[in-house]
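K.L.:
You'll find final.pdb just under this line, and it carries PDB, C-alpha atoms.
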MODEL        1
ATOM      1  CA  MET A   1      -2.700   2.802 -10.317
ATOM      2  CA  LEU A   2      -4.215   5.657  -8.328
ATOM      3  CA  LYS A   3      -5.402   8.559 -10.443
ATOM      4  CA  ILE A   4      -5.192  12.041  -8.930
ATOM      5  CA  TYR A   5      -7.085  15.104 -10.062
ATOM      6  CA  LEU A   6      -5.979  18.499  -8.791
ATOM      7  CA  ASP A   7      -8.856  20.484 -10.223
ATOM      8  CA  ILE A   8     -12.482  19.518 -10.635
ATOM      9  CA  CYS A   9     -12.319  20.800 -14.212
ATOM     10  CA  ASP A  10      -9.830  18.021 -15.016
ATOM     11  CA  VAL A  11     -12.351  15.296 -14.141
ATOM     12  CA  PRO A  12     -13.939  13.859 -17.320
ATOM     13  CA  LYS A  13     -17.586  14.865 -17.670
ATOM     14  CA  ASP A  14     -18.776  11.264 -17.883
ATOM     15  CA  VAL A  15     -17.175  10.265 -14.584
ATOM     16  CA  SER A  16     -19.199  10.568 -11.381
ATOM     17  CA  ILE A  17     -17.773  12.358  -8.358
ATOM     18  CA  ILE A  18     -18.491  11.107  -4.861
ATOM     19  CA  ASN A  19     -18.980  14.131  -2.574
ATOM     20  CA  ASP A  20     -20.765  12.507   0.357
ATOM     21  CA  VAL A  21     -18.436   9.721   1.458
ATOM     22  CA  GLU A  22     -20.587   8.835   4.472
ATOM     23  CA  LYS A  23     -23.463   8.004   2.145
ATOM     24  CA  GLU A  24     -21.242   6.033  -0.226
ATOM     25  CA  PHE A  25     -19.552   4.147   2.600
ATOM     26  CA  ALA A  26     -22.942   3.121   3.951
ATOM     27  CA  LYS A  27     -23.308   1.007   0.801
ATOM     28  CA  THR A  28     -19.822  -0.519   1.115
ATOM     29  CA  LYS A  29     -18.845  -3.922   2.499
ATOM     30  CA  ILE A  30     -15.367  -4.191   3.972
ATOM     31  CA  LYS A  31     -13.760  -7.565   3.333
ATOM     32  CA  GLY A  32     -10.505  -7.411   5.251
ATOM     33  CA  TYR A  33      -8.160  -7.114   2.289
ATOM     34  CA  ASP A  34      -4.628  -5.980   3.109
ATOM     35  CA  ILE A  35      -5.234  -2.493   1.711
ATOM     36  CA  GLU A  36      -8.347  -2.067   3.871
ATOM     37  CA  ARG A  37      -6.492  -3.238   6.967
ATOM     38  CA  ASN A  38      -3.657  -0.817   6.240
ATOM     39  CA  LEU A  39      -5.976   2.134   5.678
ATOM     40  CA  ILE A  40      -7.635   1.486   9.032
ATOM     41  CA  LYS A  41      -4.223   0.994  10.643
ATOM     42  CA  TYR A  42      -2.581   4.157   9.327
ATOM     43  CA  ILE A  43      -5.515   6.571   9.352
ATOM     44  CA  GLU A  44      -7.590   5.337  12.271
ATOM     45  CA  LYS A  45      -4.741   3.851  14.356
ATOM     46  CA  GLY A  46      -7.062   0.873  14.672
ATOM     47  CA  THR A  47      -7.219  -2.770  13.675
ATOM     48  CA  PHE A  48      -9.664  -4.402  11.288
ATOM     49  CA  LEU A  49     -11.661  -7.089  13.070
ATOM     50  CA  ASP A  50     -14.390  -8.216  10.678
ATOM     51  CA  GLU A  51     -16.875  -6.945   8.121
ATOM     52  CA  TYR A  52     -18.851  -5.189  10.845
ATOM     53  CA  SER A  53     -16.315  -4.031  13.410
ATOM     54  CA  PHE A  54     -12.820  -2.828  14.182
ATOM     55  CA  ILE A  55     -10.668  -2.297  17.269
ATOM     56  CA  ASP A  56     -10.057   1.389  17.944
ATOM     57  CA  ARG A  57      -6.843   2.961  19.222
ATOM     58  CA  PHE A  58      -7.896   2.380  22.836
ATOM     59  CA  GLY A  59      -8.513  -1.312  22.264
ATOM     60  CA  TYR A  60     -12.310  -1.055  22.169
ATOM     61  CA  LYS A  61     -14.442  -2.853  19.634
ATOM     62  CA  LEU A  62     -16.507  -0.424  17.552
ATOM     63  CA  ARG A  63     -18.844  -0.817  14.637
ATOM     64  CA  ILE A  64     -17.271  -0.239  11.240
ATOM     65  CA  THR A  65     -19.725   2.663  10.782
ATOM     66  CA  GLU A  66     -17.830   4.523  13.503
ATOM     67  CA  LEU A  67     -14.687   4.884  11.439
ATOM     68  CA  SER A  68     -13.709   8.485  10.808
ATOM     69  CA  THR A  69     -14.938  10.255   7.667
ATOM     70  CA  GLY A  70     -11.365  10.413   6.367
ATOM     71  CA  CYS A  71     -10.903   6.659   6.739
ATOM     72  CA  LYS A  72     -14.265   6.035   5.066
ATOM     73  CA  ALA A  73     -13.189   8.228   2.153
ATOM     74  CA  ALA A  74     -10.028   6.154   1.780
ATOM     75  CA  LEU A  75     -12.024   2.922   1.759
ATOM     76  CA  CYS A  76     -14.401   4.391  -0.820
ATOM     77  CA  VAL A  77     -11.412   5.072  -3.090
ATOM     78  CA  GLN A  78     -10.707   1.356  -3.098
ATOM     79  CA  HIS A  79     -14.305   0.226  -3.473
ATOM     80  CA  CYS A  80     -15.467   2.713  -6.106
ATOM     81  CA  PRO A  81     -12.744   2.523  -8.784
ATOM     82  CA  ASP A  82     -15.033   3.902 -11.496
ATOM     83  CA  SER A  83     -15.811   7.119  -9.603
ATOM     84  CA  VAL A  84     -13.724  10.013  -8.369
ATOM     85  CA  VAL A  85     -13.769  10.427  -4.598
ATOM     86  CA  ASP A  86     -13.663  14.056  -3.536
ATOM     87  CA  LEU A  87     -11.220  14.241  -0.618
ATOM     88  CA  ILE A  88     -12.568  17.604   0.577
ATOM     89  CA  GLU A  89     -13.414  16.065   3.944
ATOM     90  CA  CYS A  90     -10.063  14.309   4.364
ATOM     91  CA  GLY A  91      -7.480  15.640   6.740
ATOM     92  CA  LEU A  92      -3.929  15.870   5.474
ATOM     93  CA  ASN A  93      -3.010  12.626   7.226
ATOM     94  CA  ALA A  94      -5.753  10.688   5.443
ATOM     95  CA  ARG A  95      -4.933  12.350   2.128
ATOM     96  CA  ASP A  96      -1.273  11.400   2.433
ATOM     97  CA  VAL A  97      -1.993   7.782   3.362
ATOM     98  CA  ILE A  98      -4.330   7.488   0.359
ATOM     99  CA  VAL A  99      -1.665   8.798  -2.026
ATOM    100  CA  SER A 100       0.988   6.568  -0.451
ATOM    101  CA  ILE A 101      -0.753   3.219  -0.419
ATOM    102  CA  CYS A 102      -3.864   3.198  -2.631
ATOM    103  CA  LYS A 103      -3.100   1.306  -5.830
ATOM    104  CA  ASN A 104      -6.338   1.953  -7.685
ATOM    105  CA  GLY A 105      -9.237   4.364  -7.783
ATOM    106  CA  SER A 106      -9.403   8.084  -8.442
ATOM    107  CA  VAL A 107      -9.376  11.076  -6.126
ATOM    108  CA  LEU A 108      -9.894  14.813  -6.289
ATOM    109  CA  LEU A 109      -7.200  16.315  -4.069
ATOM    110  CA  HIS A 110      -7.481  19.451  -1.977
ATOM    111  CA  GLY A 111      -4.969  21.279   0.177
ATOM    112  CA  ILE A 112      -2.276  20.968  -2.474
ATOM    113  CA  ASP A 113      -0.484  23.975  -1.027
ATOM    114  CA  VAL A 114       0.668  21.570   1.698
ATOM    115  CA  THR A 115       3.142  18.949   0.487
ATOM    116  CA  ILE A 116       2.233  15.293   0.657
ATOM    117  CA  ALA A 117       4.087  13.482   3.426
ATOM    118  CA  ASP A 118       5.533   9.986   2.944
ATOM    119  CA  TYR A 119       3.679   8.521   5.916
ATOM    120  CA  VAL A 120       4.041   4.954   4.806
ATOM    121  CA  THR A 121       6.336   4.861   1.802
ATOM    122  CA  SER A 122       7.995   7.332  -0.526
ATOM    123  CA  ASN A 123       7.452   5.086  -3.574
ATOM    124  CA  ILE A 124       4.083   5.474  -5.232
ATOM    125  CA  ASP A 125       2.268   4.564  -8.427
ATOM    126  CA  VAL A 126       0.155   7.587  -9.239
ATOM    127  CA  GLN A 127      -1.177   9.131 -12.417
ATOM    128  CA  CYS A 128      -1.701  12.884 -12.483
ATOM    129  CA  ASN A 129      -2.490  15.090 -15.454
ATOM    130  CA  GLY A 130      -1.438  12.387 -17.913
ATOM    131  CA  TYR A 131       1.873  11.495 -16.260
ATOM    132  CA  ILE A 132       2.939   8.671 -13.952
ATOM    133  CA  PHE A 133       4.756   9.539 -10.751
ATOM    134  CA  ASN A 134       6.839   6.977  -8.875
ATOM    135  CA  THR A 135       7.934   8.997  -5.858
ATOM    136  CA  ILE A 136       6.157  11.368  -3.512
ATOM    137  CA  ASP A 137       8.988  13.872  -3.813
ATOM    138  CA  ARG A 138       8.589  14.048  -7.581
ATOM    139  CA  LEU A 139       4.825  14.370  -7.307
ATOM    140  CA  ASN A 140       5.188  17.170  -4.764
ATOM    141  CA  TYR A 141       7.657  18.963  -7.016
ATOM    142  CA  TYR A 142       5.276  18.704  -9.957
ATOM    143  CA  ILE A 143       2.303  20.000  -7.999
ATOM    144  CA  LYS A 144       4.225  22.930  -6.534
ATOM    145  CA  ASN A 145       6.332  23.999  -9.516
ATOM    146  CA  GLU A 146       5.023  22.588 -12.789
ATOM    147  CA  TYR A 147       1.298  21.819 -12.761
ATOM    148  CA  PRO A 148      -0.654  22.276 -15.024
ATOM    149  CA  TYR A 149       2.165  22.160 -17.521
ATOM    150  CA  LYS A 150       4.381  19.336 -18.721
ATOM    151  CA  PRO A 151       6.853  18.097 -16.100
ATOM    152  CA  ASP A 152      10.579  18.142 -16.655
ATOM    153  CA  MET A 153      11.041  14.562 -17.851
ATOM    154  CA  SER A 154      14.775  14.636 -17.122
ATOM    155  CA  LYS A 155      13.999  14.650 -13.394
ATOM    156  CA  GLU A 156      13.660  11.150 -11.992
ATOM    157  CA  GLY A 157      10.363   9.822 -10.813
ATOM    158  CA  VAL A 158       8.049  10.695 -13.690
ATOM    159  CA  ASN A 159       7.107   8.894 -16.902
ATOM    160  CA  TYR A 160       4.611   9.253 -19.660
ATOM    161  CA  VAL A 161       1.419   7.237 -19.495
ATOM    162  CA  SER A 162       1.861   4.394 -21.982
ATOM    163  CA  ASN A 163      -1.085   4.029 -24.371
TER     164      ASN A 163
ATOM    165  CA  MET B 164     -15.020  26.842  30.192
ATOM    166  CA  LEU B 165     -17.751  24.219  30.141
ATOM    167  CA  VAL B 166     -17.446  20.798  31.709
ATOM    168  CA  ILE B 167     -20.122  18.125  31.407
ATOM    169  CA  ASN B 168     -19.291  15.233  33.708
ATOM    170  CA  ASN B 169     -22.689  13.765  34.525
ATOM    171  CA  TYR B 170     -22.350  10.960  32.015
ATOM    172  CA  THR B 171     -19.986   8.107  31.174
ATOM    173  CA  THR B 172     -17.966  10.221  28.757
ATOM    174  CA  GLU B 173     -16.949  13.593  30.136
ATOM    175  CA  LEU B 174     -16.787  16.613  27.852
ATOM    176  CA  GLU B 175     -14.566  19.584  28.619
ATOM    177  CA  PHE B 176     -14.463  22.731  26.507
ATOM    178  CA  ASN B 177     -11.621  24.995  27.608
ATOM    179  CA  LEU B 178     -12.137  27.934  25.236
ATOM    180  CA  SER B 179     -13.468  31.461  25.419
ATOM    181  CA  ASN B 180     -16.406  32.468  23.240
ATOM    182  CA  GLY B 181     -15.765  32.681  19.531
ATOM    183  CA  VAL B 182     -15.412  30.616  16.373
ATOM    184  CA  TYR B 183     -12.740  27.936  16.171
ATOM    185  CA  THR B 184     -11.752  25.456  13.485
ATOM    186  CA  PHE B 185     -10.124  22.108  14.095
ATOM    187  CA  SER B 186      -6.733  21.297  12.639
ATOM    188  CA  ASN B 187      -6.691  19.673   9.224
ATOM    189  CA  GLU B 188      -6.464  16.078  10.419
ATOM    190  CA  SER B 189      -8.732  13.038  10.155
ATOM    191  CA  ALA B 190      -9.620  10.541  12.858
ATOM    192  CA  THR B 191      -9.175  12.872  15.815
ATOM    193  CA  GLY B 192     -12.608  12.276  17.329
ATOM    194  CA  LYS B 193     -14.647  15.151  15.907
ATOM    195  CA  THR B 194     -17.588  13.074  14.733
ATOM    196  CA  TRP B 195     -17.636  11.140  17.999
ATOM    197  CA  LEU B 196     -17.723  14.487  19.816
ATOM    198  CA  SER B 197     -20.488  15.677  17.504
ATOM    199  CA  LYS B 198     -22.624  12.621  18.253
ATOM    200  CA  LEU B 199     -22.078  12.938  21.992
ATOM    201  CA  MET B 200     -23.000  16.620  21.955
ATOM    202  CA  ASP B 201     -26.186  15.785  20.083
ATOM    203  CA  GLU B 202     -26.989  13.118  22.649
ATOM    204  CA  TYR B 203     -26.245  15.362  25.612
ATOM    205  CA  ARG B 204     -28.379  18.086  24.067
ATOM    206  CA  ALA B 205     -31.312  15.695  24.305
ATOM    207  CA  PHE B 206     -30.427  15.249  27.984
ATOM    208  CA  GLY B 207     -30.832  19.010  28.483
ATOM    209  CA  GLU B 208     -27.181  20.078  28.361
ATOM    210  CA  PRO B 209     -26.275  23.449  26.748
ATOM    211  CA  VAL B 210     -24.421  21.863  23.830
ATOM    212  CA  ALA B 211     -25.503  21.044  20.284
ATOM    213  CA  SER B 212     -24.093  19.799  17.020
ATOM    214  CA  TYR B 213     -25.091  20.038  13.399
ATOM    215  CA  THR B 214     -23.898  17.949  10.500
ATOM    216  CA  TYR B 215     -24.508  17.509   6.790
ATOM    217  CA  ASN B 216     -27.185  14.892   7.359
ATOM    218  CA  ASP B 217     -29.173  17.455   9.368
ATOM    219  CA  LYS B 218     -29.117  19.750   6.371
ATOM    220  CA  LEU B 219     -30.274  16.899   4.128
ATOM    221  CA  LYS B 220     -33.111  16.277   6.570
ATOM    222  CA  GLY B 221     -34.191  19.902   6.213
ATOM    223  CA  ILE B 222     -33.212  20.963   9.724
ATOM    224  CA  PRO B 223     -32.221  24.642   9.663
ATOM    225  CA  ILE B 224     -28.799  25.468  11.071
ATOM    226  CA  GLN B 225     -30.451  28.262  13.038
ATOM    227  CA  THR B 226     -31.828  25.656  15.433
ATOM    228  CA  VAL B 227     -28.354  25.138  16.923
ATOM    229  CA  LEU B 228     -26.895  28.626  16.536
ATOM    230  CA  ASN B 229     -28.803  29.939  19.549
ATOM    231  CA  PRO B 230     -26.576  31.191  22.394
ATOM    232  CA  LEU B 231     -29.566  31.462  24.718
ATOM    233  CA  LYS B 232     -29.871  27.667  24.620
ATOM    234  CA  PHE B 233     -26.431  26.403  23.651
ATOM    235  CA  LYS B 234     -23.068  27.516  24.996
ATOM    236  CA  VAL B 235     -21.016  25.241  22.745
ATOM    237  CA  VAL B 236     -21.984  24.286  19.211
ATOM    238  CA  LEU B 237     -20.149  22.012  16.787
ATOM    239  CA  LEU B 238     -20.671  22.262  13.024
ATOM    240  CA  ASP B 239     -19.444  18.903  11.699
ATOM    241  CA  ARG B 240     -18.611  18.277   8.005
ATOM    242  CA  TYR B 241     -19.000  22.017   7.264
ATOM    243  CA  ASP B 242     -17.123  21.528   3.957
ATOM    244  CA  LEU B 243     -20.356  20.118   2.537
ATOM    245  CA  TYR B 244     -22.489  23.143   3.477
ATOM    246  CA  LEU B 245     -20.000  25.990   3.368
ATOM    247  CA  GLY B 246     -21.424  29.395   4.150
ATOM    248  CA  ASP B 247     -24.605  28.152   5.807
ATOM    249  CA  GLY B 248     -25.440  30.165   8.894
ATOM    250  CA  SER B 249     -22.659  32.696   8.289
ATOM    251  CA  ASP B 250     -24.924  35.640   9.120
ATOM    252  CA  ILE B 251     -26.008  34.111  12.400
ATOM    253  CA  ILE B 252     -22.451  33.090  13.265
ATOM    254  CA  ASN B 253     -21.494  36.722  12.810
ATOM    255  CA  THR B 254     -24.058  37.858  15.356
ATOM    256  CA  CYS B 255     -23.787  35.152  18.003
ATOM    257  CA  TYR B 256     -20.090  34.239  18.163
ATOM    258  CA  LYS B 257     -19.450  36.547  21.137
ATOM    259  CA  ASP B 258     -22.004  34.688  23.239
ATOM    260  CA  CYS B 259     -21.021  31.088  22.655
ATOM    261  CA  VAL B 260     -18.282  28.766  21.436
ATOM    262  CA  ILE B 261     -18.682  27.623  17.833
ATOM    263  CA  LEU B 262     -16.446  24.744  16.739
ATOM    264  CA  VAL B 263     -16.264  24.154  13.003
ATOM    265  CA  ASP B 264     -14.974  21.087  11.178
ATOM    266  CA  CYS B 265     -13.819  22.722   7.947
ATOM    267  CA  LYS B 266     -10.778  21.460   6.042
ATOM    268  CA  SER B 267     -11.086  23.584   2.922
ATOM    269  CA  ASN B 268      -9.632  27.064   2.517
ATOM    270  CA  TYR B 269     -13.045  28.636   3.072
ATOM    271  CA  LYS B 270     -12.686  31.726   5.218
ATOM    272  CA  ILE B 271     -15.005  31.663   8.199
ATOM    273  CA  ASN B 272     -15.472  35.097   9.704
ATOM    274  CA  PRO B 273     -14.839  36.050  12.380
ATOM    275  CA  ILE B 274     -12.401  33.321  13.351
ATOM    276  CA  GLU B 275     -10.924  33.182  16.842
ATOM    277  CA  GLY B 276      -8.410  30.521  16.004
ATOM    278  CA  LEU B 277      -7.665  26.831  15.935
ATOM    279  CA  CYS B 278      -8.753  24.346  18.514
ATOM    280  CA  GLU B 279      -7.393  20.941  19.423
ATOM    281  CA  ILE B 280      -9.342  17.885  20.440
ATOM    282  CA  ASN B 281      -7.913  15.304  22.833
ATOM    283  CA  ILE B 282      -9.698  12.020  23.261
ATOM    284  CA  GLU B 283      -9.484   9.384  25.962
ATOM    285  CA  PRO B 284     -11.765   6.387  26.397
ATOM    286  CA  ASN B 285     -14.028   8.279  28.794
ATOM    287  CA  LYS B 286     -13.229  11.930  28.130
ATOM    288  CA  ILE B 287     -13.055  14.415  25.284
ATOM    289  CA  LYS B 288     -11.329  17.722  25.837
ATOM    290  CA  VAL B 289     -11.281  20.641  23.414
ATOM    291  CA  VAL B 290      -8.847  23.482  23.961
ATOM    292  CA  SER B 291      -7.682  26.459  21.962
ATOM    293  CA  TYR B 292      -4.528  25.891  19.928
ATOM    294  CA  ASP B 293      -2.503  28.382  21.979
ATOM    295  CA  PHE B 294      -3.458  26.606  25.196
ATOM    296  CA  TYR B 295      -2.508  23.221  23.766
ATOM    297  CA  PHE B 296       1.006  24.291  22.950
TER     298      PHE B 296
ENDMDL
END
Represent the structure from my file as structure tokens, please.
P.N.:
Amino acid sequence: MLKIYLDICDVPKDVSIINDVEKEFAKTKIKGYDIERNLIKYIEKGTFLDEYSFIDRFGYKLRITELSTGCKAALCVQHCPDSVVDLIECGLNARDVIVSICKNGSVLLHGIDVTIADYVTSNIDVQCNGYIFNTIDRLNYYIKNEYPYKPDMSKEGVNYVSN
Amino acid sequence: MLVINNYTTELEFNLSNGVYTFSNESATGKTWLSKLMDEYRAFGEPVASYTYNDKLKGIPIQTVLNPLKFKVVLLDRYDLYLGDGSDIINTCYKDCVILVDCKSNYKINPIEGLCEINIEPNKIKVVSYDFYF
């Protein structure tokens, strides 16, 4: 489950925050898992080729280090599940793909005044402020109208975190 | 307007002097543009770029914010060094084009507007948002 933080103050003190995704990505090995391929596909408009390269939107082979910063941030979310990745450098497109398809990891969101678009799917599995959200619409509603308070549990798409 | 077409990848900047930010979107070619501008600077062209790694290396931002040498400057990953060079930007923006990659709500003053980047395999074009639409 992807964990979303909307304020840096919500991040537990004992959890590290990744601010420089270029530096973190430089330590990361891409394996070609489905999630990695999809992140490159939806953010970069490219195709994963191997651990060291990808095909860009023009059909050219580039080194994996030449992925955009936003795509690298998304891949860091998957590869650093014990840290919170600060998405300050992510464009809205990258942010929305991360929320839509990442199934683990933690992120610090920015730009929450702009609603999250359902680029890939409207069904999600996201934890935010102690609640689980199953749809992008419900998450958007919570962020815009209810955060930081308790959501209206009678509205579909939100559940308590089971302990 | 500045066009650099001496090299394999052509750069075209169709903007008047001032400070511009890119739209809030990833994977549009900004870092590629930044790297090319840095390379072309070494070739003697009046363009320059600055990124977070330059700051980490101790390179002052003042080295690129110099309208006498550079007509177009790109500040890449500015979210990680917000506010750096703001005084100089305020004094030199009328004499050059300053492109800023900044996705946060940080207010850069004075801001001319948004710019759009269009990439092709052998050309990168940057225009003001009004021109694009």
K.L.:
For chain A, report every residue with an atom at most 9 Å from chain B (counting only C-alpha atoms), formatted as a list in words.
P.N.:
Asn19, Asp20, Ile43, Glu44, Lys45, Phe58, Tyr60, Glu66, Leu67, Ser68, Thr69, Gly70, Cys71, Ile88, Glu89, Cys90, Gly91, Leu92, Asn93, Ala94, Arg95, His110 and Gly111 of chain A
K.L.:
Write the residues of the preceding selection, restricted to C-alpha atoms, as a compact mmCIF listing (two decimals), keeping the file's coordinate frame.
P.N.:
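The new file result-v2.txt reads:
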# COMPACT_ATOMS: atom_id res chain seq x y z
CA ASN A 19 -18.98 14.13 -2.57
CA ASP A 20 -20.76 12.51 0.36
CA ILE A 43 -5.52 6.57 9.35
CA GLU A 44 -7.59 5.34 12.27
CA LYS A 45 -4.74 3.85 14.36
CA PHE A 58 -7.90 2.38 22.84
CA TYR A 60 -12.31 -1.06 22.17
CA GLU A 66 -17.83 4.52 13.50
CA LEU A 67 -14.69 4.88 11.44
CA SER A 68 -13.71 8.48 10.81
CA THR A 69 -14.94 10.26 7.67
CA GLY A 70 -11.36 10.41 6.37
CA CYS A 71 -10.90 6.66 6.74
CA ILE A 88 -12.57 17.60 0.58
CA GLU A 89 -13.41 16.07 3.94
CA CYS A 90 -10.06 14.31 4.36
CA GLY A 91 -7.48 15.64 6.74
CA LEU A 92 -3.93 15.87 5.47
CA ASN A 93 -3.01 12.63 7.23
CA ALA A 94 -5.75 10.69 5.44
CA ARG A 95 -4.93 12.35 2.13
CA HIS A 110 -7.48 19.45 -1.98
CA GLY A 111 -4.97 21.28 0.18
K.L.:
Kindly resolve the PyMOL selection byres ((chain B and resi 210) around 9) on the present coordinates and return the residues as an NGL selection string.
P.N.:
:B and (200-201 or 203-204 or 207-209 or 211-212 or 227 or 232-237)
K.L.:
If you measure from CA of Asn229 in chain B to CA of Val260 in chain B, what distance in Å do you get, rounded to one decimal?
P.N.:
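That distance, rounded to one decimal, is 10.8 Å.
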K.L.:
Would you compute the distance between CA of Pro12 in chain A and CA of Pro148 in chain A? Give it in Å to one decimal.
P.N.:
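CA of Pro148 in chain A lies 15.9 Å from CA of Pro12 in chain A.
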K.L.:
To one decimal place in Å, what is the distance between CA of Lys286 in chain B and CA of Asp258 in chain B?
P.N.:
24.9 Å
K.L.:
Pick out the residues sitting within 8 Å of Ile274 in chain B, and hand them over as a list in words; count all atoms listed in the file, and ignore anything fewer than 6 positions along from it in its own chain.
P.N.:
Gly181, Val182, Tyr183 and Thr184 of chain B
K.L.:
Name the residues captured by the PyMOL selection byres ((chain A and resi 33-35) around 12) when it is applied to the shown file; answer as number ranges by chain.
P.N.:
A: 29-32, 36-43, 47-51, 71, 74-79, 97-98, 100-104
K.L.:
Please, could you write that set of residues out with C-alpha atoms as a CSV table (one decimal), in the frame of the given file?
P.N.:
chain,number,residue,atom,x,y,z
A,29,LYS,CA,-18.8,-3.9,2.5
A,30,ILE,CA,-15.4,-4.2,4.0
A,31,LYS,CA,-13.8,-7.6,3.3
A,32,GLY,CA,-10.5,-7.4,5.3
A,36,GLU,CA,-8.3,-2.1,3.9
A,37,ARG,CA,-6.5,-3.2,7.0
A,38,ASN,CA,-3.7,-0.8,6.2
A,39,LEU,CA,-6.0,2.1,5.7
A,40,ILE,CA,-7.6,1.5,9.0
A,41,LYS,CA,-4.2,1.0,10.6
A,42,TYR,CA,-2.6,4.2,9.3
A,43,ILE,CA,-5.5,6.6,9.4
A,47,THR,CA,-7.2,-2.8,13.7
A,48,PHE,CA,-9.7,-4.4,11.3
A,49,LEU,CA,-11.7,-7.1,13.1
A,50,ASP,CA,-14.4,-8.2,10.7
A,51,GLU,CA,-16.9,-6.9,8.1
A,71,CYS,CA,-10.9,6.7,6.7
A,74,ALA,CA,-10.0,6.2,1.8
A,75,LEU,CA,-12.0,2.9,1.8
A,76,CYS,CA,-14.4,4.4,-0.8
A,77,VAL,CA,-11.4,5.1,-3.1
A,78,GLN,CA,-10.7,1.4,-3.1
A,79,HIS,CA,-14.3,0.2,-3.5
A,97,VAL,CA,-2.0,7.8,3.4
A,98,ILE,CA,-4.3,7.5,0.4
A,100,SER,CA,1.0,6.6,-0.5
A,101,ILE,CA,-0.8,3.2,-0.4
A,102,CYS,CA,-3.9,3.2,-2.6
A,103,LYS,CA,-3.1,1.3,-5.8
A,104,ASN,CA,-6.3,2.0,-7.7
K.L.:
Neighbours of Tyr292 in chain B within 10 Å (all atoms listed in the file; same-chain residues fewer than 6 positions away dropped), as number ranges by chain?
P.N.:
B: 178, 183-186, 276-280
K.L.:
Could you write out the selected residues, including C-alpha atoms, as a compact mmCIF listing (two decimals), keeping the file's coordinate frame?
P.N.:
# COMPACT_ATOMS: atom_id res chain seq x y z
CA LEU B 178 -12.14 27.93 25.24
CA TYR B 183 -12.74 27.94 16.17
CA THR B 184 -11.75 25.46 13.48
CA PHE B 185 -10.12 22.11 14.10
CA SER B 186 -6.73 21.30 12.64
CA GLY B 276 -8.41 30.52 16.00
CA LEU B 277 -7.66 26.83 15.94
CA CYS B 278 -8.75 24.35 18.51
CA GLU B 279 -7.39 20.94 19.42
CA ILE B 280 -9.34 17.89 20.44
K.L.:
Could you list the residues chosen by the PyMOL selection byres ((chain B and resi 225) around 12) in this structure as a ChimeraX atom specification?
P.N.:
/B:211-213,217-218,221-224,226-230,232-233,236,238,247-252,254-255
K.L.:
Neighbourhood query: residues within 8 Å of (-5.8, 7.1, -10.7), file coordinates, counting only C-alpha atoms; return as a PyMOL selection string.
P.N.:
chain A and resi 1-4+104-107+126-128
K.L.:
Since we have the selection now, will you write its residues out, keeping C-alpha atoms, as a compact mmCIF listing (two decimals), in the frame of the given file?
P.N.:
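And here is the file that came out, part.txt:
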# COMPACT_ATOMS: atom_id res chain seq x y z
CA MET A 1 -2.70 2.80 -10.32
CA LEU A 2 -4.22 5.66 -8.33
CA LYS A 3 -5.40 8.56 -10.44
CA ILE A 4 -5.19 12.04 -8.93
CA ASN A 104 -6.34 1.95 -7.68
CA GLY A 105 -9.24 4.36 -7.78
CA SER A 106 -9.40 8.08 -8.44
CA VAL A 107 -9.38 11.08 -6.13
CA VAL A 126 0.16 7.59 -9.24
CA GLN A 127 -1.18 9.13 -12.42
CA CYS A 128 -1.70 12.88 -12.48
K.L.:
As AutoDock Vina command-line options, what would the box around range 30-43 of chain A look like: edges along x, y and z, 5 Å added on every side, centre and edge lengths in Å to one decimal?
P.N.:
--center_x -9.0 --center_y -0.5 --center_z 6.2 --size_x 22.8 --size_y 24.1 --size_z 18.9
K.L.:
Find the spatial neighbours of Met164 in chain B, counting all atoms listed in the file, within a cut-off of 12 Å - ignore same-chain residues fewer than 4 positions away - and output them as a list in words.
P.N.:
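My reading of the contact set: Leu174, Glu175, Phe176, Asn177, Leu178, Ser179, Asn180, Lys234, Val235, Cys259, Val260, Lys288, Val289, Val290 and Ser291 of chain B.
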K.L.:
Excluding Ile116 in chain A and any residue of its chain fewer than 6 positions from it, enumerate the residues within 7 Å of it, using only C-alpha atoms, and give them as a PDB file with C-alpha atoms, keeping the file's coordinate frame.
P.N.:
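File written: around08.pdb
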ATOM      1  CA  ASP A  96      -1.273  11.400   2.433  1.00  0.00           C
ATOM      2  CA  ILE A 136       6.157  11.368  -3.512  1.00  0.00           C
ATOM      3  CA  ASN A 140       5.188  17.170  -4.764  1.00  0.00           C
TER       4      ASN A 140
END
